[in-house]
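Student: The structure is given below, and queries will be raised subsequently.
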Amino acid sequence: MQIECPSGLVVEARKIKAQELEALAEANDSDEPPADGGLLTVINRCVQRVIDAGPYSFVEVGDALPDWKRVIYGDLATMFFKLRIVSVEDPYEFPVQCKHCRKWADFDVTLSELPINPLPESSKAKLRSNSPFEARTLDGKLVRFYLKTIRREEPIAKLVRAIERQTGKPSYSFLDSWAGQAEFIEPLGERSKNDKARWMWFRQLDLDEVDNLRDQFDAVDGGIDIELRFRCRRRGCGGVTNHMIPLDGDFFRRKRKPADLKPLHDGGRIIPLEEEALEKTEEVTKGETEESLDLE
(Lines give C-alpha, C1' and ligand atoms only; values in the text may rest on other atoms or scores of the structure.)
Protein backbone atom coordinates (compact mmCIF):
# COMPACT_ATOMS: atom_id res chain seq x y z
CA MET A 1 0.00 0.00 0.00
CA GLN A 2 1.02 3.64 -0.44
CA ILE A 3 1.06 6.09 2.46
CA GLU A 4 1.03 9.82 1.74
CA CYS A 5 2.34 11.91 4.61
CA PRO A 6 1.41 15.51 5.54
CA SER A 7 4.68 16.88 4.09
CA GLY A 8 4.17 15.21 0.71
CA LEU A 9 6.51 12.31 1.48
CA VAL A 10 5.05 9.12 -0.05
CA VAL A 11 6.17 5.61 0.89
CA GLU A 12 5.20 2.06 0.03
CA ALA A 13 4.60 -0.22 3.00
CA ARG A 14 3.23 -3.61 3.97
CA LYS A 15 0.96 -4.68 6.81
CA ILE A 16 2.35 -5.20 10.29
CA LYS A 17 3.36 -8.76 11.19
CA ALA A 18 3.47 -10.42 14.61
CA GLN A 19 7.26 -10.20 14.68
CA GLU A 20 7.04 -6.38 14.59
CA LEU A 21 4.96 -6.41 17.78
CA GLU A 22 7.55 -8.62 19.47
CA ALA A 23 10.29 -6.18 18.49
CA LEU A 24 8.14 -3.28 19.69
CA ALA A 25 7.61 -4.93 23.09
CA GLU A 26 11.33 -5.68 23.44
CA ALA A 27 12.23 -2.07 22.65
CA ASN A 28 9.87 -0.67 25.27
CA ASP A 29 10.84 -3.24 27.92
CA SER A 30 14.52 -2.33 27.73
CA ASP A 31 16.31 -0.37 30.47
CA GLU A 32 16.56 2.60 28.09
CA PRO A 33 13.36 2.59 25.99
CA PRO A 34 13.62 4.61 22.76
CA ALA A 35 12.41 8.21 22.72
CA ASP A 36 9.96 7.30 19.94
CA GLY A 37 8.28 4.59 22.03
CA GLY A 38 9.15 1.98 19.41
CA LEU A 39 7.49 3.84 16.55
CA LEU A 40 10.61 3.52 14.37
CA THR A 41 10.81 -0.20 15.11
CA VAL A 42 7.57 -0.64 13.19
CA ILE A 43 8.30 1.90 10.45
CA ASN A 44 11.77 0.52 9.68
CA ARG A 45 10.36 -2.97 9.21
CA CYS A 46 7.14 -2.15 7.34
CA VAL A 47 8.15 0.68 4.98
CA GLN A 48 9.68 -0.88 1.86
CA ARG A 49 10.53 2.01 -0.42
CA VAL A 50 10.22 5.76 -0.95
CA ILE A 51 8.01 6.84 -3.85
CA ASP A 52 8.20 10.64 -3.38
CA ALA A 53 10.82 12.33 -1.19
CA GLY A 54 8.59 15.32 -0.44
CA PRO A 55 10.52 18.36 0.88
CA TYR A 56 13.41 16.35 2.36
CA SER A 57 16.79 16.88 0.70
CA PHE A 58 18.28 13.85 2.52
CA VAL A 59 15.58 11.41 1.31
CA GLU A 60 16.04 9.56 -1.98
CA VAL A 61 13.40 7.83 -4.08
CA GLY A 62 13.94 4.08 -4.14
CA ASP A 63 14.59 1.16 -1.82
CA ALA A 64 17.16 2.92 0.38
CA LEU A 65 15.29 4.13 3.47
CA PRO A 66 16.20 7.48 5.08
CA ASP A 67 17.24 8.32 8.61
CA TRP A 68 13.72 8.46 10.02
CA LYS A 69 14.92 10.39 13.07
CA ARG A 70 15.32 13.42 10.79
CA VAL A 71 11.79 13.13 9.35
CA ILE A 72 9.18 15.29 11.10
CA TYR A 73 7.06 13.56 13.70
CA GLY A 74 3.83 14.43 11.89
CA ASP A 75 4.91 12.24 8.97
CA LEU A 76 6.05 9.37 11.20
CA ALA A 77 2.84 9.39 13.25
CA THR A 78 0.77 9.35 10.05
CA MET A 79 2.66 6.28 8.79
CA PHE A 80 2.25 4.60 12.17
CA PHE A 81 -1.50 5.23 12.29
CA LYS A 82 -2.12 4.15 8.70
CA LEU A 83 -0.14 0.95 9.26
CA ARG A 84 -2.33 0.22 12.25
CA ILE A 85 -5.55 0.99 10.39
CA VAL A 86 -4.83 -1.50 7.59
CA SER A 87 -3.39 -4.14 9.93
CA VAL A 88 -5.96 -4.14 12.76
CA GLU A 89 -9.69 -3.43 12.74
CA ASP A 90 -11.04 -0.07 13.92
CA PRO A 91 -11.74 1.27 16.50
CA TYR A 92 -8.89 1.49 18.99
CA GLU A 93 -10.01 1.00 22.58
CA PHE A 94 -8.04 2.14 25.62
CA PRO A 95 -8.69 2.97 29.29
CA VAL A 96 -8.90 6.61 30.36
CA GLN A 97 -8.85 7.97 33.90
CA CYS A 98 -10.97 11.04 34.57
CA LYS A 99 -8.66 13.64 36.08
CA HIS A 100 -11.51 14.99 38.22
CA CYS A 101 -13.16 11.97 39.88
CA ARG A 102 -10.19 9.62 39.18
CA LYS A 103 -12.46 6.85 37.89
CA TRP A 104 -11.53 4.71 34.90
CA ALA A 105 -13.61 3.81 31.86
CA ASP A 106 -12.92 2.34 28.44
CA PHE A 107 -12.78 4.82 25.60
CA ASP A 108 -12.56 4.08 21.90
CA VAL A 109 -11.83 6.11 18.81
CA THR A 110 -12.13 5.25 15.13
CA LEU A 111 -8.60 6.00 13.93
CA SER A 112 -9.57 6.21 10.26
CA GLU A 113 -11.83 9.16 11.07
CA LEU A 114 -9.11 11.29 12.66
CA PRO A 115 -8.29 14.25 10.39
CA ILE A 116 -4.81 14.50 8.88
CA ASN A 117 -3.63 18.10 8.59
CA PRO A 118 -1.33 18.77 5.61
CA LEU A 119 1.92 20.60 6.22
CA PRO A 120 1.62 24.24 5.03
CA GLU A 121 3.60 25.12 1.90
CA SER A 122 5.58 27.72 3.84
CA SER A 123 6.63 25.00 6.29
CA LYS A 124 7.73 22.73 3.45
CA ALA A 125 9.98 25.55 2.26
CA LYS A 126 11.50 25.77 5.75
CA LEU A 127 12.20 22.04 5.68
CA ARG A 128 13.91 22.32 2.30
CA SER A 129 16.19 25.08 3.54
CA ASN A 130 16.52 23.65 7.08
CA SER A 131 15.51 27.04 8.47
CA PRO A 132 13.94 27.59 11.92
CA PHE A 133 10.47 28.96 12.57
CA GLU A 134 9.79 31.96 14.79
CA ALA A 135 7.24 32.43 17.56
CA ARG A 136 6.70 35.31 19.97
CA THR A 137 5.82 35.24 23.64
CA LEU A 138 2.98 37.42 24.88
CA ASP A 139 5.47 40.16 25.74
CA GLY A 140 7.12 39.94 22.32
CA LYS A 141 10.19 37.81 23.11
CA LEU A 142 11.55 35.63 20.29
CA VAL A 143 11.47 31.81 20.31
CA ARG A 144 13.14 30.08 17.35
CA PHE A 145 12.21 26.45 16.80
CA TYR A 146 12.14 23.54 14.36
CA LEU A 147 9.39 21.04 13.72
CA LYS A 148 9.44 18.03 16.03
CA THR A 149 11.74 15.16 15.07
CA ILE A 150 12.94 12.20 17.09
CA ARG A 151 16.54 13.35 16.72
CA ARG A 152 15.71 16.67 18.39
CA GLU A 153 13.63 15.01 21.08
CA GLU A 154 16.14 12.33 22.13
CA PRO A 155 18.27 14.53 24.46
CA ILE A 156 15.16 15.81 26.25
CA ALA A 157 13.71 12.30 26.56
CA LYS A 158 16.98 11.19 28.17
CA LEU A 159 16.80 14.14 30.58
CA VAL A 160 13.19 13.37 31.51
CA ARG A 161 13.96 9.68 32.10
CA ALA A 162 16.71 10.71 34.52
CA ILE A 163 14.24 12.93 36.38
CA GLU A 164 11.69 10.11 36.51
CA ARG A 165 14.28 7.78 38.03
CA GLN A 166 15.00 10.36 40.72
CA THR A 167 11.39 11.20 41.56
CA GLY A 168 9.67 7.92 40.72
CA LYS A 169 6.95 9.83 38.88
CA PRO A 170 6.28 9.96 35.13
CA SER A 171 6.71 13.53 33.97
CA TYR A 172 6.73 13.62 30.15
CA SER A 173 4.46 16.13 28.40
CA PHE A 174 4.16 18.01 25.12
CA LEU A 175 6.16 20.84 26.74
CA ASP A 176 9.17 18.53 26.73
CA SER A 177 8.83 18.17 22.96
CA TRP A 178 8.94 21.96 22.67
CA ALA A 179 12.18 21.98 24.66
CA GLY A 180 13.64 19.68 22.02
CA GLN A 181 12.29 21.75 19.14
CA ALA A 182 13.47 25.13 20.47
CA GLU A 183 16.80 26.45 19.19
CA PHE A 184 16.78 29.88 20.82
CA ILE A 185 14.68 31.41 23.60
CA GLU A 186 15.30 35.14 23.96
CA PRO A 187 14.70 35.28 27.75
CA LEU A 188 17.37 32.58 28.18
CA GLY A 189 19.91 34.07 25.80
CA GLU A 190 23.06 31.90 25.63
CA ARG A 191 21.51 29.45 28.09
CA SER A 192 19.22 28.38 25.25
CA LYS A 193 21.95 25.89 24.33
CA ASN A 194 21.37 24.02 27.60
CA ASP A 195 18.75 21.25 27.38
CA LYS A 196 17.71 21.48 31.02
CA ALA A 197 17.42 25.29 30.90
CA ARG A 198 15.03 25.06 27.94
CA TRP A 199 13.09 22.25 29.59
CA MET A 200 12.65 24.22 32.82
CA TRP A 201 11.68 27.40 30.95
CA PHE A 202 8.81 25.68 29.14
CA ARG A 203 7.69 23.89 32.30
CA GLN A 204 7.43 27.18 34.20
CA LEU A 205 5.31 29.03 31.64
CA ASP A 206 1.98 30.58 32.63
CA LEU A 207 -1.01 28.80 31.11
CA ASP A 208 -1.92 31.71 28.84
CA GLU A 209 1.63 31.67 27.49
CA VAL A 210 1.39 27.93 26.85
CA ASP A 211 -1.77 28.49 24.81
CA ASN A 212 -0.13 31.36 22.94
CA LEU A 213 2.91 29.29 21.95
CA ARG A 214 0.85 26.18 21.23
CA ASP A 215 -1.17 28.12 18.64
CA GLN A 216 2.03 29.25 16.92
CA PHE A 217 3.70 25.83 17.01
CA ASP A 218 0.57 24.10 15.72
CA ALA A 219 -0.02 26.63 12.93
CA VAL A 220 3.16 25.61 11.08
CA ASP A 221 2.92 21.85 11.67
CA GLY A 222 0.95 19.01 10.11
CA GLY A 223 -0.11 15.49 10.97
CA ILE A 224 -2.65 13.69 13.13
CA ASP A 225 -3.77 15.34 16.34
CA ILE A 226 -3.63 12.48 18.85
CA GLU A 227 -4.85 14.53 21.82
CA LEU A 228 -8.54 13.86 22.43
CA ARG A 229 -10.98 15.22 24.99
CA PHE A 230 -13.75 13.37 26.75
CA ARG A 231 -16.40 14.34 29.25
CA CYS A 232 -16.99 12.06 32.21
CA ARG A 233 -20.66 11.10 32.52
CA ARG A 234 -20.48 9.77 36.05
CA ARG A 235 -23.15 11.26 38.27
CA GLY A 236 -21.77 14.28 40.08
CA CYS A 237 -18.68 14.62 37.88
CA GLY A 238 -18.97 15.67 34.21
CA GLY A 239 -15.35 16.85 34.14
CA VAL A 240 -13.42 17.22 30.89
CA THR A 241 -10.10 15.40 30.49
CA ASN A 242 -7.52 15.79 27.73
CA HIS A 243 -5.90 12.46 26.88
CA MET A 244 -3.22 11.50 24.37
CA ILE A 245 -3.93 8.35 22.37
CA PRO A 246 -1.51 5.85 23.95
CA LEU A 247 0.94 4.47 21.40
CA ASP A 248 1.98 1.39 23.36
CA GLY A 249 1.74 -2.34 22.68
CA ASP A 250 -2.05 -2.29 23.03
CA PHE A 251 -2.22 0.09 20.07
CA PHE A 252 -2.03 -2.94 17.78
CA ARG A 253 -4.69 -5.00 19.50
CA ARG A 254 -8.23 -5.20 18.19
CA LYS A 255 -11.11 -3.85 20.23
CA ARG A 256 -11.93 -6.34 22.94
CA LYS A 257 -15.18 -8.27 22.77
CA PRO A 258 -17.41 -8.19 25.89
CA ALA A 259 -16.17 -11.62 26.99
CA ASP A 260 -12.59 -10.30 26.93
CA LEU A 261 -13.24 -7.39 29.27
CA LYS A 262 -11.29 -7.39 32.50
CA PRO A 263 -11.67 -5.14 35.55
CA LEU A 264 -9.55 -2.03 35.82
CA HIS A 265 -7.68 -1.03 38.96
CA ASP A 266 -8.62 2.30 40.51
CA GLY A 267 -7.18 3.75 43.69
CA GLY A 268 -6.91 0.49 45.59
CA ARG A 269 -10.17 -1.09 44.53
CA ILE A 270 -11.26 -2.94 41.41
CA ILE A 271 -13.88 -1.26 39.25
CA PRO A 272 -15.67 -3.83 37.04
CA LEU A 273 -16.13 -2.45 33.54
CA GLU A 274 -19.77 -3.49 33.61
CA GLU A 275 -20.27 -1.05 36.50
CA GLU A 276 -18.42 1.73 34.68
CA ALA A 277 -20.48 1.04 31.55
CA LEU A 278 -23.50 2.33 33.44
CA GLU A 279 -21.69 5.62 33.93
CA LYS A 280 -20.54 6.19 30.38
CA THR A 281 -17.77 8.36 29.08
CA GLU A 282 -18.33 10.32 25.93
CA GLU A 283 -15.55 11.12 23.51
CA VAL A 284 -15.18 14.64 22.24
CA THR A 285 -13.50 14.86 18.87
CA LYS A 286 -10.95 17.42 17.78
CA GLY A 287 -12.31 20.89 17.24
CA GLU A 288 -15.25 20.75 19.63
CA THR A 289 -15.46 23.69 21.97
CA GLU A 290 -16.13 23.75 25.69
CA GLU A 291 -19.51 25.29 24.90
CA SER A 292 -20.44 22.18 22.90
CA LEU A 293 -19.62 20.09 25.96
CA ASP A 294 -22.38 21.78 27.94
CA LEU A 295 -20.18 22.23 30.98
CA GLU A 296 -22.26 24.73 32.91
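Identifiers in this document derive from the order of the C-alpha coordinates: chains are assigned A, B, ..., residues are numbered from 1 separately in each chain, and ligands are numbered from 1 in order of occurrence.
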Just the residues within 9 Å of A:Leu159, please, counting only C-alpha atoms, with nothing from its chain fewer than 4 positions along; format it as a list of chain:residue names.
Tutor: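 Answer for this query is A:Glu154, A:Pro155, A:Ile163, A:Glu164, A:Asp195, A:Lys196, A:Trp199.
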Student: Using only C-alpha atoms, which protein or nucleic acid residues come within 12 Å of A:Asp218? Drop anything in the same chain fewer than 5 positions from it, and give the result as a PyMOL selection string.
Tutor: chain A and resi 74+117-120+123+133+135+145-148+174+178+210-213+223-225
Student: One number please: atom CA of A:Gln216 to atom CA of A:Asp52, in Å, one decimal.
Tutor: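 Value for the atom CA of A:Gln216-atom CA of A:Asp52 distance: 28.2 Å.
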Student: Please report the interatomic distance between atom CA of A:Asp139 and atom CA of A:Asp215 in Å with one decimal.
Tutor: 15.5 Å
Student: Could you find all residues in stretch 58-284 of chain A that DSSP calls strand (DSSP E) from the backbone, and write them as number ranges by chain?
Tutor: A: 92-97, 104-109, 116-117, 133-136, 142-145, 182-185, 223-224, 227-232, 240-244, 264-266, 269-271, 281-284
Student: Apply DSSP to the structure's backbone, then extract all residues of stretch 125-188 of chain A labelled helix (DSSP H, G or I) and return them as number ranges by chain.
Tutor: A: 125-129, 150-167, 174-181
Student: Using N, CA and C atoms, can you export the residues from the last selection as an mmCIF file, in the first residue's frame?
Tutor:
```cif
data_model
loop_
_atom_site.group_PDB
_atom_site.id
_atom_site.type_symbol
_atom_site.label_atom_id
_atom_site.label_comp_id
_atom_site.auth_asym_id
_atom_site.auth_seq_id
_atom_site.Cartn_x
_atom_site.Cartn_y
_atom_site.Cartn_z
ATOM 1 N N ALA A 125 8.826 24.749 2.691
ATOM 2 C CA ALA A 125 9.980 25.547 2.261
ATOM 3 C C ALA A 125 11.022 25.630 3.373
ATOM 4 N N LYS A 126 10.567 25.745 4.613
ATOM 5 C CA LYS A 126 11.496 25.772 5.750
ATOM 6 C C LYS A 126 12.250 24.449 5.863
ATOM 7 N N LEU A 127 11.544 23.343 5.629
ATOM 8 C CA LEU A 127 12.197 22.039 5.682
ATOM 9 C C LEU A 127 13.262 21.918 4.596
ATOM 10 N N ARG A 128 12.943 22.408 3.402
ATOM 11 C CA ARG A 128 13.911 22.319 2.299
ATOM 12 C C ARG A 128 15.180 23.090 2.611
ATOM 13 N N SER A 129 15.034 24.239 3.248
ATOM 14 C CA SER A 129 16.195 25.084 3.544
ATOM 15 C C SER A 129 16.765 24.835 4.939
ATOM 16 N N ILE A 150 12.427 13.066 16.023
ATOM 17 C CA ILE A 150 12.937 12.200 17.091
ATOM 18 C C ILE A 150 14.369 12.575 17.438
ATOM 19 N N ARG A 151 15.151 12.959 16.443
ATOM 20 C CA ARG A 151 16.540 13.347 16.723
ATOM 21 C C ARG A 151 16.591 14.528 17.684
ATOM 22 N N ARG A 152 15.713 15.506 17.503
ATOM 23 C CA ARG A 152 15.711 16.674 18.391
ATOM 24 C C ARG A 152 15.129 16.337 19.762
ATOM 25 N N GLU A 153 14.288 15.338 19.819
ATOM 26 C CA GLU A 153 13.625 15.007 21.077
ATOM 27 C C GLU A 153 14.461 14.079 21.961
ATOM 28 N N GLU A 154 15.380 13.336 21.371
ATOM 29 C CA GLU A 154 16.139 12.333 22.133
ATOM 30 C C GLU A 154 16.863 12.891 23.359
ATOM 31 N N PRO A 155 17.581 14.023 23.256
ATOM 32 C CA PRO A 155 18.268 14.531 24.458
ATOM 33 C C PRO A 155 17.305 14.894 25.588
ATOM 34 N N ILE A 156 16.137 15.434 25.224
ATOM 35 C CA ILE A 156 15.158 15.807 26.248
ATOM 36 C C ILE A 156 14.535 14.556 26.865
ATOM 37 N N ALA A 157 14.266 13.550 26.031
ATOM 38 C CA ALA A 157 13.714 12.298 26.556
ATOM 39 C C ALA A 157 14.681 11.662 27.550
ATOM 40 N N LYS A 158 15.961 11.729 27.250
ATOM 41 C CA LYS A 158 16.976 11.193 28.168
ATOM 42 C C LYS A 158 16.972 11.974 29.484
ATOM 43 N N LEU A 159 16.854 13.296 29.390
ATOM 44 C CA LEU A 159 16.796 14.142 30.584
ATOM 45 C C LEU A 159 15.575 13.802 31.436
ATOM 46 N N VAL A 160 14.424 13.651 30.789
ATOM 47 C CA VAL A 160 13.187 13.369 31.514
ATOM 48 C C VAL A 160 13.248 11.996 32.178
ATOM 49 N N ARG A 161 13.829 11.010 31.494
ATOM 50 C CA ARG A 161 13.961 9.683 32.104
ATOM 51 C C ARG A 161 14.811 9.744 33.370
ATOM 52 N N ALA A 162 15.858 10.556 33.334
ATOM 53 C CA ALA A 162 16.710 10.709 34.522
ATOM 54 C C ALA A 162 15.922 11.324 35.676
ATOM 55 N N ILE A 163 15.070 12.301 35.351
ATOM 56 C CA ILE A 163 14.238 12.932 36.382
ATOM 57 C C ILE A 163 13.227 11.937 36.939
ATOM 58 N N GLU A 164 12.656 11.118 36.060
ATOM 59 C CA GLU A 164 11.694 10.110 36.506
ATOM 60 C C GLU A 164 12.346 9.101 37.444
ATOM 61 N N ARG A 165 13.587 8.730 37.147
ATOM 62 C CA ARG A 165 14.281 7.782 38.026
ATOM 63 C C ARG A 165 14.519 8.386 39.411
ATOM 64 N N GLN A 166 14.752 9.687 39.445
ATOM 65 C CA GLN A 166 15.002 10.361 40.724
ATOM 66 C C GLN A 166 13.726 10.541 41.539
ATOM 67 N N THR A 167 12.637 10.877 40.855
ATOM 68 C CA THR A 167 11.386 11.196 41.557
ATOM 69 C C THR A 167 10.426 10.020 41.654
ATOM 70 N N PHE A 174 3.868 17.358 26.391
ATOM 71 C CA PHE A 174 4.161 18.013 25.118
ATOM 72 C C PHE A 174 5.140 19.166 25.298
ATOM 73 N N LEU A 175 5.211 19.750 26.493
ATOM 74 C CA LEU A 175 6.159 20.836 26.745
ATOM 75 C C LEU A 175 7.596 20.354 26.589
ATOM 76 N N ASP A 176 7.826 19.080 26.876
ATOM 77 C CA ASP A 176 9.165 18.530 26.727
ATOM 78 C C ASP A 176 9.549 18.444 25.249
ATOM 79 N N SER A 177 8.567 18.153 24.398
ATOM 80 C CA SER A 177 8.825 18.167 22.955
ATOM 81 C C SER A 177 9.232 19.564 22.500
ATOM 82 N N TRP A 178 8.572 20.588 23.032
ATOM 83 C CA TRP A 178 8.942 21.958 22.674
ATOM 84 C C TRP A 178 10.377 22.261 23.066
ATOM 85 N N ALA A 179 10.802 21.747 24.223
ATOM 86 C CA ALA A 179 12.184 21.975 24.661
ATOM 87 C C ALA A 179 13.170 21.385 23.668
ATOM 88 N N GLY A 180 12.789 20.267 23.037
ATOM 89 C CA GLY A 180 13.639 19.678 22.016
ATOM 90 C C GLY A 180 13.596 20.448 20.711
ATOM 91 N N GLN A 181 12.444 21.015 20.396
ATOM 92 C CA GLN A 181 12.292 21.753 19.142
ATOM 93 C C GLN A 181 12.965 23.122 19.180
#
```
Student: Counting only C-alpha atoms, which residue out of A:Glu12, A:Asp221, A:Glu93, A:Glu190 sits closest to A:Val50?
Tutor: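 Closest to A:Val50 of all the choices is A:Glu12.
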Student: Work out how far atom CA of A:Val11 is from atom CA of A:Val47, in Å to one decimal.
Tutor: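 Spanning atom CA of A:Val47 to atom CA of A:Val11 is a straight-line distance of 6.7 Å.
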